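First up is the structure itself, then whatever we jot down about it.
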Amino acid sequence: MPLLFRSTNGQAPLVNLRGAFHAGLAPDRGLYLPEKFPRLAPDEIAAFAQWPYHEIAFRVLSKFTEGIISDHDLAALCRDAYQFPIPLEKIRDRVFLMRLDQGPTASFKDFAAQMMARMFGHFLREDGRPVTILTATSGDTGSAVAHAFHGVPGVRVIVLFPIAEVSDSQRKLMTTLRNNIRTVAIDGKFDDCQAMVKRAFADPELKHLPLSSANSINIGRLLPQSVYYFYAASRLAKPGEPMVFSIPSGNFGDAMGAVFAREMGLPVKKLMVPVNDNDAFPRFLASGHYEKVVPSRNSLSNAMNVGHPSNLARLVAIYGGQMDETGRLHRQPDLAAMRRDLFSSSVSDDRTRTAIRDFWTRYQLLLEPHGAVAWQGFLDWLAVESPGDTPAVIIETANPAKFPAEVEKVVGWPPDVPRAMAAAIKMPEDFDRMGADYEEFKAYLIHKHAA
Ligand SMILES: *Cc1c(COP(=O)(O)O)cnc(C)c1O
């Protein structure tokens, strides 16, 4: 019996993984969550110590794909998706930096995008149903998704990005691909792009396309993001030993991966989920009042410029509450439990720069702005709670070469550019451009790029 998924708004029928995957957003505009989390036994988790990453991915993801994708096929998809290293660099005693920046577009988004593209490809081979993937990006999702789906038959990808908020290399990593990939620069903010995408999903006049999403509203994005937490524990913790993770957060999809891992049985003592100036979550955690940041604030860690993180609806649901897509709370979650499990601080651009500089001076390890938010968020937690001997992992979500100007300003020299990235960004760019106007975008979807 395949696992079923429910909507956080509670008004949509249960669906299986395939249904949740294709829909992206549930018909009641909620987000899908497993009706009940599958559990991994402690000895299954302990055995991960002997397996390579793709094998751990297979063992974790197979709990969700039972009855949907055969184990044989899933194992092959995992092997194919995860061909790059995952460095765990020692910062100091039992404190490590996990670099999730070695994939094809040098951000952690590759972990989910690579797997999702293969799963979509697998479903398509089975049912022959072509699909348009519509995605909004604040910088890294777009390039990861575009690269992962580039050349996948039957899949068309349309990426919306805020023209003024992405770095040159972030933009070039998505605008140089062509073929089945189309990029649209929006004169607006990331939140505008995300709102346009969400509206398109809910629009009955676009039902014929059919549209699907590769944003972290799609459950297919979150499941692969739980795997690297298991991986880190398998390399750094003793069997059964709890860990702490610091995860730089924007839409809270990466953080949800860690929460999923914990729900599946990974021992976690605390999750740090620091944010930049977009501080809706830490304010909510402190006060119990949720207020979006409108408009979202620009900051150095641009992939986290999110005024209203969509995954909070999932987080709130896991703690027994209900938040709708507008951010309205219909039922309070168990705030005491959230405060026990999570810690969140807001890290300004000044503190981000200082963190990059100090981290380099002290440890000779290079961070970019998102990883620096993770490090500073960890330090903020250390100021209020003692970790004892608990192993800690700071998540570095992008390669410093994606932010060359900022890194050079702080440490005095430009970071090395990974070879794959250097080749990609030399190709000629090609993208469309429009205002943050839904009707214009809708016409574009229907006329210019209808299947
Ligand atoms: C997307 C992104 C984040 C934030 O991840 P969320 O899942 O949106 O919280 C952090 N760092 C980088 C480099 C990113 O691309």
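Identifiers for the structure tokens are assigned positionally: chains receive A, B, ... in sequence, residues are indexed from 1 per chain, and ligands are indexed from 1 in the order shown.
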
Considering only C-alpha atoms, tabulate each residue of range 43-155 of chain A that lies at most 12 Å from range 415-424 of chain A along with its nearest interatomic pair and the corresponding distance in Å to one decimal; arrange the rows by chain and ascending residue number and present them as CSV.
```
residue,atom,partner,partner_atom,distance
A:Phe84,CA,A:Ala420,CA,11.9
A:Asp101,CA,A:Pro418,CA,9.8
A:Gln102,CA,A:Pro418,CA,8.3
A:Gly103,CA,A:Ala420,CA,9.2
A:Pro104,CA,A:Ala420,CA,6.6
A:Thr105,CA,A:Met421,CA,6.5
A:Ala106,CA,A:Met421,CA,7.5
A:Ser107,CA,A:Met421,CA,11.0
A:Ser143,CA,A:Ala424,CA,10.6
A:Ala144,CA,A:Met421,CA,11.6
A:His147,CA,A:Ala424,CA,10.0
```

Within 12 Å of Tyr32 in chain A using only C-alpha atoms, minus same-chain residues under 2 positions, as a ChimeraX atom specification: /A:4-30,34-36,216-223,310-311,313-315,317-318

Near-ligand residues for ligand 1, threshold 6 Å, only C-alpha atoms and all ligand atoms, as a PyMOL selection string: chain A and resi 107+140+248-254+303-304+370+397-398

DSSP alpha helix (DSSP H) selection over range 137-365 of chain A, as number ranges by chain: A: 140-149, 168-175, 190-202, 219-222, 227-236, 253-263, 280-287, 312-318, 335-341, 349-363

Within 10 Å of range 344-354 of chain A using only C-alpha atoms, minus same-chain residues under 5 positions, as JSON, numbers by chain: {"A": [246, 247, 248, 249, 271, 272, 273, 274, 275, 276, 277, 278, 279, 280, 281, 282, 283, 284, 285, 286, 298, 299, 300, 301, 339, 359, 360, 367, 368, 369, 370, 371, 372, 373, 374, 375, 376, 377, 378, 379, 380, 381, 406, 407, 409, 410, 411]}

Backbone-only DSSP, strand (DSSP E) members of range 345-449 of chain A, as a PyMOL selection string: chain A and resi 392-396+432-435

Could you name the residues that touch Val152 in chain A at 10 Å or less, counting only C-alpha atoms, but leaving out those on the same chain fewer than 2 positions away, as an mmCIF file with C-alpha atoms, in the first residue's frame?
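selection-v2.cif, freshly written:
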```cif
data_model
loop_
_atom_site.group_PDB
_atom_site.id
_atom_site.type_symbol
_atom_site.label_atom_id
_atom_site.label_comp_id
_atom_site.auth_asym_id
_atom_site.auth_seq_id
_atom_site.Cartn_x
_atom_site.Cartn_y
_atom_site.Cartn_z
ATOM 1 C CA ALA A 117 14.159 15.420 -12.709
ATOM 2 C CA ARG A 118 14.910 11.702 -12.736
ATOM 3 C CA PHE A 120 9.670 13.035 -13.395
ATOM 4 C CA GLY A 121 11.481 11.345 -16.273
ATOM 5 C CA LEU A 124 6.862 10.185 -17.935
ATOM 6 C CA HIS A 147 20.222 21.988 -15.461
ATOM 7 C CA ALA A 148 18.533 18.916 -14.020
ATOM 8 C CA PHE A 149 15.670 18.945 -16.552
ATOM 9 C CA HIS A 150 17.697 20.121 -19.541
ATOM 10 C CA GLY A 154 8.463 15.568 -22.571
ATOM 11 C CA VAL A 155 9.359 18.153 -19.933
ATOM 12 C CA ARG A 156 9.306 21.887 -20.568
ATOM 13 C CA VAL A 157 10.648 24.212 -17.893
ATOM 14 C CA ASN A 180 13.331 22.824 -23.351
#
```

Proximity to Lys426 in chain A - best of A:Leu3, A:Val166, A:Leu177, A:Leu266, only C-alpha atoms: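 Checking each of A:Leu3, A:Val166, A:Leu177, A:Leu266 against Lys426 in chain A, counting only C-alpha atoms, the winner is A:Leu177.
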
Contact residues around Glu439 in chain A with only C-alpha atoms at 12 Å, ignoring same-chain residues under 3 positions, as number ranges by chain: A: 196-197, 199-200, 203, 205, 434-436, 442-446

Shortest interatomic distance to Met116 in chain A - which of A:Tyr363, A:Phe260, A:Phe96, A:Tyr82, counting only C-alpha atoms: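 Answer, going by the shortest atom-to-atom distance: A:Tyr82.
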
Need the shell around Arg362 in chain A: protein/DNA/RNA residues with any atom at most 12 Å away, counting only C-alpha atoms. Skip same-chain ones fewer than 6 positions apart. Format as a short mmCIF file (atom, residue, chain, number, x, y, z; two decimals) with all heavy atoms, in the first residue's frame?
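Writing the result to part_23.cif gives the following:
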```cif
data_model
loop_
_atom_site.label_atom_id
_atom_site.label_comp_id
_atom_site.auth_asym_id
_atom_site.auth_seq_id
_atom_site.Cartn_x
_atom_site.Cartn_y
_atom_site.Cartn_z
N ILE A 91 35.75 22.05 11.32
CA ILE A 91 35.96 23.44 11.72
C ILE A 91 36.76 23.43 13.03
O ILE A 91 37.80 24.06 13.16
CB ILE A 91 34.62 24.18 11.93
CG1 ILE A 91 33.81 24.16 10.63
CG2 ILE A 91 34.87 25.60 12.40
CD1 ILE A 91 32.37 24.63 10.78
N ARG A 92 36.25 22.72 14.00
CA ARG A 92 36.98 22.47 15.24
C ARG A 92 36.38 21.21 15.84
O ARG A 92 35.53 20.58 15.22
CB ARG A 92 36.88 23.68 16.17
CG ARG A 92 35.46 24.03 16.54
CD ARG A 92 35.41 25.32 17.38
NE ARG A 92 34.10 25.45 17.99
CZ ARG A 92 33.45 26.59 18.13
NH1 ARG A 92 33.99 27.72 17.70
NH2 ARG A 92 32.27 26.64 18.70
N THR A 354 31.00 40.02 8.54
CA THR A 354 31.96 39.77 9.62
C THR A 354 32.18 38.27 9.80
O THR A 354 33.29 37.82 10.05
CB THR A 354 31.42 40.39 10.94
OG1 THR A 354 31.14 41.76 10.68
CG2 THR A 354 32.42 40.27 12.06
N ALA A 355 31.10 37.49 9.67
CA ALA A 355 31.22 36.04 9.84
C ALA A 355 32.13 35.45 8.77
O ALA A 355 32.98 34.59 9.06
CB ALA A 355 29.84 35.38 9.80
N ILE A 356 32.00 35.92 7.52
CA ILE A 356 32.86 35.40 6.44
C ILE A 356 34.33 35.70 6.78
O ILE A 356 35.20 34.83 6.69
CB ILE A 356 32.51 36.03 5.07
CG1 ILE A 356 31.09 35.65 4.64
CG2 ILE A 356 33.51 35.60 4.00
CD1 ILE A 356 30.61 36.33 3.36
#
```

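When CA of Ala113 in chain A is paired with CA of Gly142 in chain A, their separation reads 9.5 Å.
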